[in-house]
file upload05.csv (CSV, C-alpha atoms and all ligand atoms)
chain,number,residue,atom,x,y,z
A,274,MET,CA,-19.2,-6.5,-0.6
A,275,ASP,CA,-21.5,-5.5,-3.5
A,276,ARG,CA,-20.3,-3.4,-6.4
A,277,MET,CA,-21.5,0.0,-5.2
A,278,ALA,CA,-20.1,-0.7,-1.7
A,279,ALA,CA,-16.7,-1.6,-3.3
A,280,VAL,CA,-16.7,1.6,-5.3
A,281,GLU,CA,-17.4,3.6,-2.2
A,282,ALA,CA,-14.7,1.8,-0.3
A,283,ASN,CA,-12.2,2.7,-3.0
A,284,GLN,CA,-13.1,6.4,-2.8
A,285,GLY,CA,-11.5,6.7,0.6
A,286,LYS,CA,-8.3,5.0,-0.5
A,287,ARG,CA,-6.0,7.1,-2.6
A,288,LEU,CA,-3.7,4.2,-3.4
A,289,LEU,CA,-6.6,2.4,-5.0
A,290,GLN,CA,-7.7,5.5,-6.9
A,291,ALA,CA,-4.2,5.9,-8.3
A,292,LEU,CA,-4.2,2.2,-9.4
A,293,ASP,CA,-7.6,2.7,-11.0
A,294,GLY,CA,-5.8,5.3,-13.2
A,295,HIS,CA,-6.9,8.5,-11.4
A,296,ALA,CA,-4.6,11.4,-10.6
A,297,THR,CA,-5.1,12.6,-7.0
A,298,THR,CA,-3.8,15.7,-5.3
A,299,PRO,CA,-2.0,14.9,-3.1
A,300,PRO,CA,-0.9,11.5,-4.4
A,301,PRO,CA,-1.0,8.5,-2.0
A,302,VAL,CA,2.3,8.0,-0.1
A,303,TRP,CA,3.9,5.0,1.5
A,304,MET,CA,7.5,3.7,1.7
A,305,MET,CA,9.1,0.4,0.8
A,306,ARG,CA,10.4,-1.3,3.9
A,307,GLN,CA,8.4,1.2,6.0
A,308,ALA,CA,8.1,-1.4,8.7
A,309,GLY,CA,11.7,-1.9,9.9
A,310,ARG,CA,14.7,-1.0,11.8
A,311,TYR,CA,14.6,2.8,11.5
A,312,LEU,CA,11.6,2.6,13.9
A,313,PRO,CA,12.4,2.2,17.7
A,314,GLU,CA,9.1,0.4,18.2
A,315,TYR,CA,10.1,-2.1,15.5
A,316,ARG,CA,13.5,-2.7,17.1
A,317,ALA,CA,11.8,-3.3,20.4
A,318,LEU,CA,9.2,-5.8,19.0
A,319,ARG,CA,11.9,-7.5,16.8
A,320,ALA,CA,14.0,-8.0,20.0
A,321,THR,CA,11.3,-10.3,21.4
A,322,THR,CA,12.1,-13.1,18.8
A,323,SER,CA,15.7,-13.9,17.8
A,324,SER,CA,14.9,-15.6,14.5
A,325,PHE,CA,13.8,-13.3,11.7
A,326,MET,CA,11.8,-16.0,9.9
A,327,GLU,CA,10.1,-16.9,13.2
A,328,PHE,CA,9.2,-13.3,13.6
A,329,CYS,CA,7.8,-13.1,10.0
A,330,PHE,CA,5.7,-16.3,10.7
A,331,ASN,CA,4.3,-15.0,13.9
A,332,PRO,CA,0.9,-13.5,12.9
A,333,ALA,CA,0.5,-11.2,15.9
A,334,LYS,CA,4.0,-9.8,15.7
A,335,ALA,CA,3.9,-9.5,11.9
A,336,ALA,CA,0.5,-7.7,12.1
A,337,GLU,CA,1.9,-5.3,14.8
A,338,ALA,CA,5.0,-4.5,12.7
A,339,THR,CA,2.8,-3.8,9.7
A,340,LEU,CA,0.7,-1.3,11.7
A,341,GLN,CA,3.5,0.5,13.5
A,342,PRO,CA,4.4,2.9,10.6
A,343,ILE,CA,0.7,3.5,9.9
A,344,ARG,CA,0.1,4.7,13.5
A,345,ARG,CA,3.2,6.9,13.4
A,346,PHE,CA,2.9,8.5,9.9
A,347,GLY,CA,-0.6,7.7,8.6
A,348,PHE,CA,0.7,6.4,5.3
A,349,ASP,CA,-1.9,5.7,2.6
A,350,ALA,CA,-0.9,2.0,2.5
A,351,ALA,CA,0.2,-0.7,4.9
A,352,ILE,CA,2.5,-3.4,3.4
A,353,ILE,CA,2.3,-6.7,5.2
A,354,PHE,CA,5.4,-7.5,7.2
A,355,SER,CA,6.9,-10.6,5.6
A,356,ASP,CA,9.8,-11.3,3.2
A,357,ILE,CA,10.3,-12.4,-0.3
A,358,LEU,CA,12.2,-15.4,0.9
A,359,VAL,CA,9.2,-17.1,2.5
A,360,ILE,CA,8.6,-18.7,-0.9
A,361,PRO,CA,11.8,-20.7,-0.9
A,362,GLN,CA,11.0,-21.7,2.7
A,363,ALA,CA,7.6,-22.9,1.5
A,364,LEU,CA,9.2,-24.9,-1.4
A,365,GLY,CA,11.4,-26.8,1.1
A,366,GLN,CA,14.6,-24.7,1.0
A,367,PRO,CA,15.0,-23.4,4.6
A,368,VAL,CA,16.0,-19.8,5.1
A,369,THR,CA,17.8,-18.3,8.0
A,370,PHE,CA,19.1,-14.8,8.7
A,371,GLU,CA,22.3,-14.2,10.5
A,372,ALA,CA,22.3,-10.9,12.4
A,373,GLY,CA,23.8,-8.2,10.3
A,374,GLU,CA,24.7,-10.6,7.5
A,375,GLY,CA,21.5,-11.2,5.5
A,376,PRO,CA,19.8,-14.4,4.3
A,377,ARG,CA,21.4,-17.8,4.2
A,378,LEU,CA,20.0,-20.8,2.3
A,379,ALA,CA,21.7,-24.1,1.2
A,380,PRO,CA,22.9,-23.1,-2.3
A,381,ILE,CA,21.7,-24.9,-5.3
A,382,GLU,CA,24.8,-25.7,-7.3
A,383,THR,CA,23.6,-28.2,-9.9
A,384,PRO,CA,20.3,-29.1,-11.7
A,385,GLU,CA,20.1,-32.1,-9.4
A,386,GLY,CA,19.9,-29.8,-6.5
A,387,LEU,CA,16.6,-28.6,-7.7
A,388,LYS,CA,15.1,-32.0,-7.4
A,389,ALA,CA,14.9,-31.7,-3.6
A,390,LEU,CA,12.5,-28.8,-3.9
A,391,SER,CA,8.7,-29.1,-3.9
A,392,ASP,CA,7.1,-27.9,-7.1
A,393,THR,CA,4.2,-26.2,-5.3
A,394,LEU,CA,4.0,-24.3,-2.0
A,395,GLU,CA,3.9,-26.8,0.9
A,396,ALA,CA,0.5,-26.8,2.6
A,397,GLY,CA,0.2,-24.5,5.6
A,398,VAL,CA,3.7,-23.0,5.6
A,399,LEU,CA,2.5,-19.6,4.5
A,400,ASP,CA,-0.7,-19.6,6.5
A,401,PRO,CA,0.8,-17.3,9.2
A,402,VAL,CA,1.2,-14.6,6.5
A,403,TYR,CA,-2.5,-14.9,5.6
A,404,GLU,CA,-3.5,-14.8,9.2
A,405,ALA,CA,-1.4,-11.7,9.7
A,406,LEU,CA,-3.1,-10.0,6.7
A,407,ASP,CA,-6.5,-10.9,8.2
A,408,ARG,CA,-5.5,-9.3,11.5
A,409,VAL,CA,-4.2,-6.1,9.8
A,410,LYS,CA,-7.3,-5.8,7.6
A,411,GLY,CA,-9.5,-5.6,10.7
A,412,ALA,CA,-7.3,-2.8,12.2
A,413,LEU,CA,-7.1,-0.4,9.3
A,414,ASP,CA,-9.3,2.6,8.7
A,415,GLY,CA,-11.1,3.5,5.5
A,416,GLN,CA,-8.2,5.4,4.1
A,417,THR,CA,-5.4,2.9,4.3
A,418,ALA,CA,-5.0,0.3,1.7
A,419,LEU,CA,-3.4,-3.1,2.4
A,420,ILE,CA,-0.6,-4.4,0.2
A,421,GLY,CA,0.6,-8.0,-0.1
A,422,PHE,CA,3.8,-8.9,-2.0
A,423,CYS,CA,6.2,-11.4,-3.4
A,424,GLY,CA,9.6,-11.3,-5.0
A,425,ALA,CA,9.8,-11.8,-8.7
A,426,PRO,CA,11.1,-15.2,-9.8
A,427,TRP,CA,14.4,-13.9,-11.0
A,428,THR,CA,15.2,-12.1,-7.7
A,429,VAL,CA,14.0,-15.0,-5.6
A,430,ALA,CA,15.9,-17.6,-7.8
A,431,SER,CA,19.1,-15.5,-7.4
A,432,TYR,CA,19.0,-16.1,-3.6
A,433,MET,CA,18.0,-19.7,-4.0
A,434,ILE,CA,20.9,-20.5,-6.2
A,435,ALA,CA,23.6,-18.4,-4.5
A,436,GLY,CA,22.3,-19.2,-1.0
A,437,ARG,CA,22.8,-15.6,0.0
A,438,GLY,CA,22.8,-12.1,-1.3
A,439,THR,CA,25.5,-11.3,-3.9
A,440,PRO,CA,26.6,-8.0,-5.5
A,441,ASP,CA,26.0,-9.1,-9.1
A,442,GLN,CA,23.9,-12.3,-8.8
A,443,ALA,CA,26.7,-14.1,-10.6
A,444,PRO,CA,25.9,-17.6,-9.3
A,445,ALA,CA,22.3,-17.5,-10.7
A,446,ARG,CA,23.5,-15.9,-14.0
A,447,ILE,CA,26.1,-18.6,-14.5
A,448,PHE,CA,23.6,-21.4,-13.5
A,449,ALA,CA,21.1,-20.0,-16.1
A,450,TYR,CA,23.8,-19.9,-18.8
A,451,LYS,CA,25.0,-23.4,-18.1
A,452,HIS,CA,21.6,-25.0,-17.4
A,453,PRO,CA,18.9,-23.0,-19.2
A,454,ASP,CA,16.3,-25.8,-19.1
A,455,ALA,CA,16.7,-26.5,-15.4
A,456,PHE,CA,16.7,-22.8,-14.7
A,457,ALA,CA,13.5,-22.3,-16.8
A,458,GLN,CA,11.9,-25.1,-14.7
A,459,LEU,CA,12.8,-23.2,-11.5
A,460,ILE,CA,11.4,-20.0,-12.9
A,461,ASP,CA,8.2,-21.9,-13.8
A,462,VAL,CA,7.9,-23.2,-10.3
A,463,LEU,CA,8.4,-19.7,-8.9
A,464,VAL,CA,5.8,-18.2,-11.3
A,465,ARG,CA,3.2,-20.7,-10.1
A,466,ALA,CA,4.1,-20.3,-6.5
A,467,SER,CA,4.0,-16.5,-6.7
A,468,ILE,CA,0.5,-16.6,-8.3
A,469,ASP,CA,-0.7,-18.9,-5.6
A,470,HIS,CA,0.8,-16.8,-2.8
A,471,LEU,CA,-0.5,-13.5,-4.2
A,472,ASP,CA,-3.9,-15.1,-4.8
A,473,ARG,CA,-4.0,-16.3,-1.2
A,474,GLN,CA,-2.9,-12.9,0.1
A,475,ILE,CA,-5.8,-11.2,-1.8
A,476,GLY,CA,-8.1,-13.8,-0.3
A,477,ALA,CA,-6.9,-12.8,3.2
A,478,GLY,CA,-7.5,-9.1,2.6
A,479,ALA,CA,-4.7,-7.6,0.5
A,480,GLU,CA,-6.2,-5.0,-1.9
A,481,VAL,CA,-3.0,-4.5,-3.9
A,482,VAL,CA,0.0,-6.7,-4.5
A,483,GLN,CA,3.5,-5.7,-5.4
A,484,VAL,CA,6.1,-7.9,-7.2
A,485,PHE,CA,9.7,-6.9,-6.2
A,486,ASP,CA,12.3,-7.6,-8.9
A,487,SER,CA,15.1,-6.1,-7.0
A,488,TRP,CA,17.8,-7.5,-9.3
A,489,ALA,CA,16.2,-7.0,-12.7
A,490,SER,CA,18.8,-4.6,-13.9
A,491,VAL,CA,21.8,-6.9,-14.0
A,492,LEU,CA,20.5,-9.0,-16.8
A,493,PRO,CA,21.5,-8.6,-20.5
A,494,ALA,CA,18.6,-8.0,-22.8
A,495,PRO,CA,17.7,-11.6,-23.8
A,496,GLU,CA,18.0,-12.8,-20.2
A,497,PHE,CA,16.0,-9.9,-19.0
A,498,GLU,CA,13.3,-10.9,-21.4
A,499,ALA,CA,13.3,-14.6,-20.4
A,500,TRP,CA,14.0,-14.4,-16.6
A,501,SER,CA,12.5,-11.0,-15.6
A,502,PHE,CA,10.0,-9.6,-18.1
A,503,GLN,CA,8.2,-12.8,-19.1
A,504,PRO,CA,7.8,-14.2,-15.6
A,505,ILE,CA,6.4,-10.9,-14.4
A,506,ALA,CA,4.0,-10.9,-17.4
A,507,ARG,CA,2.9,-14.5,-16.5
A,508,ILE,CA,2.3,-13.6,-12.9
A,509,ALA,CA,0.2,-10.6,-13.8
A,510,ALA,CA,-1.8,-12.5,-16.3
A,511,GLY,CA,-2.2,-15.6,-14.1
A,512,LEU,CA,-3.3,-13.5,-11.1
A,513,ALA,CA,-5.8,-11.5,-13.3
A,514,ALA,CA,-7.3,-14.8,-14.5
A,515,ARG,CA,-7.9,-16.0,-11.0
A,516,ARG,CA,-8.8,-12.6,-9.5
A,517,PRO,CA,-10.2,-10.4,-12.2
A,518,GLY,CA,-9.4,-6.7,-11.5
A,519,ALA,CA,-6.7,-7.6,-8.9
A,520,LYS,CA,-4.4,-4.6,-8.6
A,521,LEU,CA,-0.7,-5.3,-9.1
A,522,ILE,CA,2.3,-3.0,-8.9
A,523,ALA,CA,5.5,-4.4,-10.7
A,524,PHE,CA,8.8,-3.1,-9.5
A,525,PRO,CA,11.6,-4.1,-11.9
A,526,ARG,CA,14.3,-2.2,-10.1
A,527,GLY,CA,16.8,-0.3,-12.2
A,528,VAL,CA,15.5,-1.0,-15.7
A,529,SER,CA,15.2,1.6,-18.5
A,530,ALA,CA,12.2,3.9,-19.0
A,531,ARG,CA,11.5,1.8,-22.1
A,532,GLN,CA,11.4,-1.5,-20.2
A,533,SER,CA,9.3,0.2,-17.4
A,534,ALA,CA,6.8,1.3,-20.0
A,535,ARG,CA,6.6,-2.2,-21.5
A,536,ILE,CA,6.0,-3.7,-18.0
A,537,ALA,CA,3.4,-1.0,-17.3
A,538,ALA,CA,1.5,-1.9,-20.5
A,539,LEU,CA,1.2,-5.6,-19.5
A,540,PRO,CA,-2.3,-6.9,-18.9
A,541,GLY,CA,-2.9,-7.1,-15.2
A,542,VAL,CA,-0.4,-4.5,-14.3
A,543,HIS,CA,-1.8,-1.3,-12.7
A,544,GLY,CA,1.4,0.4,-11.4
A,545,VAL,CA,5.1,0.4,-12.1
A,546,GLY,CA,7.8,1.2,-9.5
A,547,LEU,CA,10.6,3.4,-10.5
A,548,ASP,CA,14.0,3.2,-8.8
A,549,THR,CA,16.2,6.0,-7.6
A,550,ALA,CA,18.2,6.4,-10.8
A,551,ALA,CA,15.1,6.5,-13.1
A,552,ASP,CA,15.0,9.5,-15.4
A,553,LEU,CA,11.7,11.0,-14.5
A,554,GLU,CA,11.1,12.9,-17.7
A,555,SER,CA,11.7,9.8,-19.9
A,556,CYS,CA,9.4,7.8,-17.6
A,557,ARG,CA,6.7,10.4,-17.7
A,558,GLN,CA,6.8,10.3,-21.5
A,559,ALA,CA,7.1,6.6,-22.0
A,560,ILE,CA,4.8,5.1,-19.4
A,561,PRO,CA,1.1,5.0,-20.4
A,562,SER,CA,-0.8,7.6,-18.4
A,563,CYS,CA,-3.5,5.1,-17.4
A,564,VAL,CA,-1.0,3.2,-15.3
A,565,ALA,CA,0.3,4.6,-12.0
A,566,VAL,CA,4.0,5.3,-11.5
A,567,GLN,CA,5.4,4.7,-8.1
A,568,GLY,CA,8.6,6.3,-6.7
A,569,ASN,CA,11.2,7.4,-6.6
A,570,LEU,CA,12.9,9.5,-3.9
A,571,ASP,CA,16.5,8.4,-3.1
A,572,PRO,CA,16.5,6.7,0.3
A,573,LEU,CA,19.9,8.4,1.0
A,574,LEU,CA,18.3,11.8,0.4
A,575,LEU,CA,15.6,10.9,2.9
A,576,LEU,CA,18.4,9.9,5.3
A,577,ALA,CA,20.3,13.2,4.6
A,578,GLY,CA,17.3,15.5,4.9
A,579,GLY,CA,17.6,19.3,4.5
A,580,PRO,CA,16.7,21.6,1.6
A,581,ALA,CA,17.8,19.0,-1.1
A,582,LEU,CA,15.1,16.7,0.3
A,583,GLU,CA,12.3,19.2,0.1
A,584,ALA,CA,13.4,20.3,-3.5
A,585,GLN,CA,13.5,16.7,-4.8
A,586,ILE,CA,10.1,15.9,-3.2
A,587,ASP,CA,8.7,18.9,-5.0
A,588,ARG,CA,10.3,17.9,-8.3
A,589,ILE,CA,8.9,14.4,-8.2
A,590,LEU,CA,5.4,15.8,-7.4
A,591,GLU,CA,5.6,18.3,-10.2
A,592,THR,CA,6.9,15.8,-12.8
A,593,PHE,CA,4.0,13.5,-12.1
A,594,ALA,CA,1.2,16.0,-11.4
A,595,GLY,CA,-1.9,15.3,-13.4
A,596,ARG,CA,-1.2,11.6,-13.9
A,597,PRO,CA,-1.7,8.7,-11.5
A,598,HIS,CA,1.3,8.7,-9.1
A,599,ILE,CA,2.1,6.9,-5.9
A,600,PHE,CA,4.8,8.8,-3.9
A,601,ASN,CA,7.4,6.3,-2.6
A,602,LEU,CA,11.2,5.9,-2.4
A,603,GLY,CA,13.2,4.4,-5.2
A,604,HIS,CA,14.2,1.5,-2.9
A,605,GLY,CA,13.7,0.6,0.8
A,606,VAL,CA,14.1,3.0,3.7
A,607,LEU,CA,17.5,2.7,5.3
A,608,PRO,CA,17.9,1.9,9.1
A,609,PRO,CA,19.7,5.1,10.1
A,610,THR,CA,17.0,7.3,8.6
A,611,PRO,CA,15.8,9.9,11.1
A,612,ILE,CA,12.1,9.7,11.9
A,613,ALA,CA,11.8,13.5,11.6
A,614,HIS,CA,12.8,13.3,8.0
A,615,VAL,CA,10.0,10.8,7.3
A,616,GLU,CA,7.5,13.1,9.1
A,617,ARG,CA,8.7,15.9,6.8
A,618,LEU,CA,8.3,13.8,3.7
A,619,VAL,CA,4.7,12.9,4.5
A,620,ALA,CA,3.9,16.6,5.4
A,621,ARG,CA,5.5,17.9,2.2
A,622,VAL,CA,3.8,15.4,-0.1
A,623,ARG,CA,0.5,16.3,1.6
A,624,ARG,CA,1.3,20.0,1.3
A,625,ASN,CA,1.0,20.4,5.1
A,626,GLY,CA,4.5,21.8,5.5
B,701,LIG,O1,8.3,-3.1,3.1
B,701,LIG,C1,8.0,-3.5,4.3
B,701,LIG,O2,7.9,-2.8,5.3
B,701,LIG,C2,7.5,-5.0,4.4
B,701,LIG,C3,8.5,-5.9,4.7
B,701,LIG,C4,9.6,-6.4,3.8
B,701,LIG,C5,10.8,-7.0,4.3
B,701,LIG,N1,11.5,-7.4,3.2
B,701,LIG,C6,11.1,-7.1,5.7
B,701,LIG,C7,12.5,-7.3,6.1
B,701,LIG,C8,9.6,-6.4,2.4
B,701,LIG,C9,8.7,-5.9,1.3
B,701,LIG,C10,10.9,-7.1,2.0
B,701,LIG,C11,11.3,-7.4,0.6
B,701,LIG,C12,12.6,-8.0,0.4
B,701,LIG,N2,13.3,-8.9,1.1
B,701,LIG,C13,13.3,-7.8,-0.8
B,701,LIG,C14,12.8,-6.9,-2.0
B,701,LIG,C15,13.0,-5.5,-1.8
B,701,LIG,C16,14.4,-5.0,-1.7
B,701,LIG,O3,14.8,-4.5,-0.7
B,701,LIG,O4,15.1,-5.1,-2.8
B,701,LIG,C17,14.5,-8.5,-0.7
B,701,LIG,C18,15.6,-8.6,-1.8
B,701,LIG,C19,14.5,-9.2,0.5
B,701,LIG,C20,15.4,-10.2,1.1
B,701,LIG,C21,16.0,-9.7,2.3
B,701,LIG,N3,15.3,-9.7,3.5
B,701,LIG,C22,17.3,-9.3,2.6
B,701,LIG,C23,18.4,-9.3,1.5
B,701,LIG,C24,17.4,-9.0,3.9
B,701,LIG,C25,18.7,-8.6,4.7
B,701,LIG,C26,19.1,-7.3,4.4
B,701,LIG,C27,18.6,-6.3,5.4
B,701,LIG,O5,18.0,-5.3,5.1
B,701,LIG,O6,18.8,-6.6,6.6
B,701,LIG,C28,16.2,-9.2,4.5
B,701,LIG,C29,15.8,-8.9,5.9
B,701,LIG,C30,14.6,-8.1,6.2
B,701,LIG,N4,13.4,-8.2,5.5
B,701,LIG,C31,14.5,-7.1,7.2
B,701,LIG,C32,13.2,-6.6,7.1
B,701,LIG,C33,12.6,-5.5,8.0
B,701,LIG,C34,15.6,-6.7,8.2
B,701,LIG,C35,15.9,-7.8,9.2
B,701,LIG,C36,15.5,-7.5,10.6
B,701,LIG,O7,14.7,-6.6,10.9
B,701,LIG,O8,15.9,-8.3,11.5
call {"tool": "encode", "arguments": {"input": "upload05.csv", "output": "structure tokens"}}
result
Amino acid sequence: MDRMAAVEANQGKRLLQALDGHATTPPPVWMMRQAGRYLPEYRALRATTSSFMEFCFNPAKAAEATLQPIRRFGFDAAIIFSDILVIPQALGQPVTFEAGEGPRLAPIETPEGLKALSDTLEAGVLDPVYEALDRVKGALDGQTALIGFCGAPWTVASYMIAGRGTPDQAPARIFAYKHPDAFAQLIDVLVRASIDHLDRQIGAGAEVVQVFDSWASVLPAPEFEAWSFQPIARIAAGLAARRPGAKLIAFPRGVSARQSARIAALPGVHGVGLDTAADLESCRQAIPSCVAVQGNLDPLLLLAGGPALEAQIDRILETFAGRPHIFNLGHGVLPPTPIAHVERLVARVRRNG
């Protein structure tokens, strides 16, 4: 695509406009985990494959799951159906999901345990993700942007070390305190693997990438700097070096307005995600107005619905009016969320109801 054609293509896509630093009325809207169990059509498709990882690595099914919420709600962005744990899988640490129990990996208990891992993504393992992106790209209209993603190194490492989800990421924090050099090496491997994976996703058609640091907020300040902030900075810079102008949204979940603002100011970062508990006024003041803010409706409020939902949607819209903003939740949509509430959300953001 030549430059003019690229500019014209962006004009139809509100998400790209926001990430270019423009305020749009209405703002673009999409939801984290928008493809998932709250949709009956997702549950039906998901029931055709018992293993979640197999489902993720089936390009036709992953592409279909990606498109389901777009057909139903007309969101401004489609996020590729995959998972942050495809990276450990591609580094040689197999991942399984037990129904209702979340991810399981063989935990890494000692620095020696890291030696069994590859230091780069194993060839071909993530090709189905790129094939799924290629399929979705061909099915989207001129208004819907395509998002690729990965987990941030700290969040992914927390699952690799513990071998499962944990309430406070204690196993990874203890490992990092006891074995800082080995942990730094794991983070380095994940930084490089993340850059490679995001680069390949862009090559396959992703127009934006998001880095999910779901567990950023548990770390004390020095560890936040070393294991969350710096790795995100290195990913943004490394991706920008390979793909100049690549649009990246960083989502360091649960951090302060000051830290969100520091992340927003990093070279290569175009948007910053705000979680449910973020103080909007502090964020509005602290985050540079050339960077898009994304968020931050409470997923439980979307589930609950009613007048409180409408009021909070309006409040978020008002707080961020006049600056680049991407309407989203503060975390992923919850499985029991009624579809009618999501329809209300989209209509309200677009001022159609
Ligand atoms: O947003 C989207 O619609 C795209 C798909 C997507 C999934 N996972 C699909 C999924 C994305 C962006 C993710 C990110 C992800 N995965 C994160 C970061 C965001 C966050 O929620 O904090 C994390 C920490 C994971 C790891 C993960 N995957 C866990 C802990 C679980 C189990 C918990 C759960 O919700 O069941 C998953 C499984 C998973 N990933 C599901 C989906 C739709 C549910 C499993 C299923 O449908 O069978």
call {"tool": "residues_near_point", "arguments": {"input": "upload05.csv", "point": "(0.0, -1.7, -23.2)", "cutoff": "12 Å", "atoms": "all atoms listed in the file", "output": "PDB file with C-alpha atoms, in the coordinates of the input"}}
result
ATOM      1  CA  ALA A 506       4.000 -10.900 -17.400  1.00  0.00           C
ATOM      2  CA  GLN A 532      11.400  -1.500 -20.200  1.00  0.00           C
ATOM      3  CA  SER A 533       9.300   0.200 -17.400  1.00  0.00           C
ATOM      4  CA  ALA A 534       6.800   1.300 -20.000  1.00  0.00           C
ATOM      5  CA  ARG A 535       6.600  -2.200 -21.500  1.00  0.00           C
ATOM      6  CA  ILE A 536       6.000  -3.700 -18.000  1.00  0.00           C
ATOM      7  CA  ALA A 537       3.400  -1.000 -17.300  1.00  0.00           C
ATOM      8  CA  ALA A 538       1.500  -1.900 -20.500  1.00  0.00           C
ATOM      9  CA  LEU A 539       1.200  -5.600 -19.500  1.00  0.00           C
ATOM     10  CA  PRO A 540      -2.300  -6.900 -18.900  1.00  0.00           C
ATOM     11  CA  GLY A 541      -2.900  -7.100 -15.200  1.00  0.00           C
ATOM     12  CA  VAL A 542      -0.400  -4.500 -14.300  1.00  0.00           C
ATOM     13  CA  HIS A 543      -1.800  -1.300 -12.700  1.00  0.00           C
ATOM     14  CA  ALA A 559       7.100   6.600 -22.000  1.00  0.00           C
ATOM     15  CA  ILE A 560       4.800   5.100 -19.400  1.00  0.00           C
ATOM     16  CA  PRO A 561       1.100   5.000 -20.400  1.00  0.00           C
ATOM     17  CA  SER A 562      -0.800   7.600 -18.400  1.00  0.00           C
ATOM     18  CA  CYS A 563      -3.500   5.100 -17.400  1.00  0.00           C
ATOM     19  CA  VAL A 564      -1.000   3.200 -15.300  1.00  0.00           C
TER      20      VAL A 564
END
call {"tool": "closest_residue", "arguments": {"input": "upload05.csv", "among": "A:Leu289, A:Ile475, A:Ala509, A:Ile360", "to": "Pro597 in chain A", "atoms": "all atoms listed in the file"}}
result
A:Leu289
call {"tool": "residues_near_point", "arguments": {"input": "upload05.csv", "point": "(3.6, -11.8, 14.0)", "cutoff": "10 Å", "atoms": "all atoms listed in the file", "output": "ChimeraX atom specification"}}
result
/A:318-319,322,327-339,354-355,401-402,404-405,408
call {"tool": "residues_near_ligand", "arguments": {"input": "upload05.csv", "ligand": "ligand LIG 701 (chain B)", "cutoff": "6 Å", "atoms": "only C-alpha atoms and all ligand atoms", "output": "list in words"}}
result
Met305, Arg306, Gln307, Ala308, Gly309, Arg310, Phe325, Ile352, Ile353, Phe354, Ser355, Asp356, Ile357, Gly375, Pro376, Gly438, Phe485, Ser487 and Gly605 of chain A
call {"tool": "residues_around", "arguments": {"input": "upload05.csv", "residues": "Ala565 in chain A", "least_positions_apart": "4", "cutoff": "8 Å", "atoms": "all atoms listed in the file", "output": "short mmCIF file (atom, residue, chain, number, x, y, z; two decimals) with C-alpha atoms, keeping the file's coordinate frame"}}
result
data_model
loop_
_atom_site.label_atom_id
_atom_site.label_comp_id
_atom_site.auth_asym_id
_atom_site.auth_seq_id
_atom_site.Cartn_x
_atom_site.Cartn_y
_atom_site.Cartn_z
CA ALA A 291 -4.20 5.90 -8.30
CA LEU A 292 -4.20 2.20 -9.40
CA GLY A 294 -5.80 5.30 -13.20
CA HIS A 543 -1.80 -1.30 -12.70
CA GLY A 544 1.40 0.40 -11.40
CA VAL A 545 5.10 0.40 -12.10
CA ARG A 596 -1.20 11.60 -13.90
CA PRO A 597 -1.70 8.70 -11.50
CA HIS A 598 1.30 8.70 -9.10
CA ILE A 599 2.10 6.90 -5.90
#
call {"tool": "closest_residue", "arguments": {"input": "upload05.csv", "among": "A:Gly415, A:Arg473, A:Pro504, A:Gln585", "to": "Val429 in chain A", "atoms": "all atoms listed in the file"}}
result
A:Pro504
call {"tool": "residues_around", "arguments": {"input": "upload05.csv", "residues": "Ser467 in chain A", "least_positions_apart": "4", "cutoff": "9 Å", "atoms": "all atoms listed in the file", "output": "PyMOL selection string"}}
result
chain A and resi 360+422-426+462-463+471-472+484+508
call {"tool": "atom_distance", "arguments": {"input": "upload05.csv", "atom1": "CA of Phe502 in chain A", "atom2": "CA of Ala363 in chain A"}}
result
23.8 Å
call {"tool": "atom_distance", "arguments": {"input": "upload05.csv", "atom1": "CA of Gln474 in chain A", "atom2": "CA of Phe524 in chain A"}}
result
18.0 Å
call {"tool": "residues_around", "arguments": {"input": "upload05.csv", "residues": "Glu395 in chain A", "least_positions_apart": "2", "cutoff": "9 Å", "atoms": "all atoms listed in the file", "output": "list in words"}}
result
Gln362, Ala363, Leu364, Gly365, Ser391, Asp392, Thr393, Gly397, Val398 and Leu399 of chain A
call {"tool": "closest_residue", "arguments": {"input": "upload05.csv", "among": "A:Val481, A:Leu575, A:Ile468, A:Leu394", "to": "Ala514 in chain A", "atoms": "all atoms listed in the file"}}
result
A:Ile468
call {"tool": "atom_distance", "arguments": {"input": "upload05.csv", "atom1": "CA of Lys520 in chain A", "atom2": "CA of His604 in chain A"}}
result
20.4 Å
call {"tool": "residues_around", "arguments": {"input": "upload05.csv", "residues": "range 622-625 of chain A", "least_positions_apart": "5", "cutoff": "10 Å", "atoms": "only C-alpha atoms", "output": "list of chain:residue names"}}
result
A:Thr298, A:Pro299, A:Pro300, A:Pro301, A:Val302, A:Glu583, A:Ile586, A:Asp587, A:Ile589, A:Leu590, A:Phe600, A:Arg617
call {"tool": "closest_residue", "arguments": {"input": "upload05.csv", "among": "A:Asp469, A:Gln503, A:Glu385, A:Val491", "to": "Arg515 in chain A", "atoms": "all atoms listed in the file"}}
result
A:Asp469
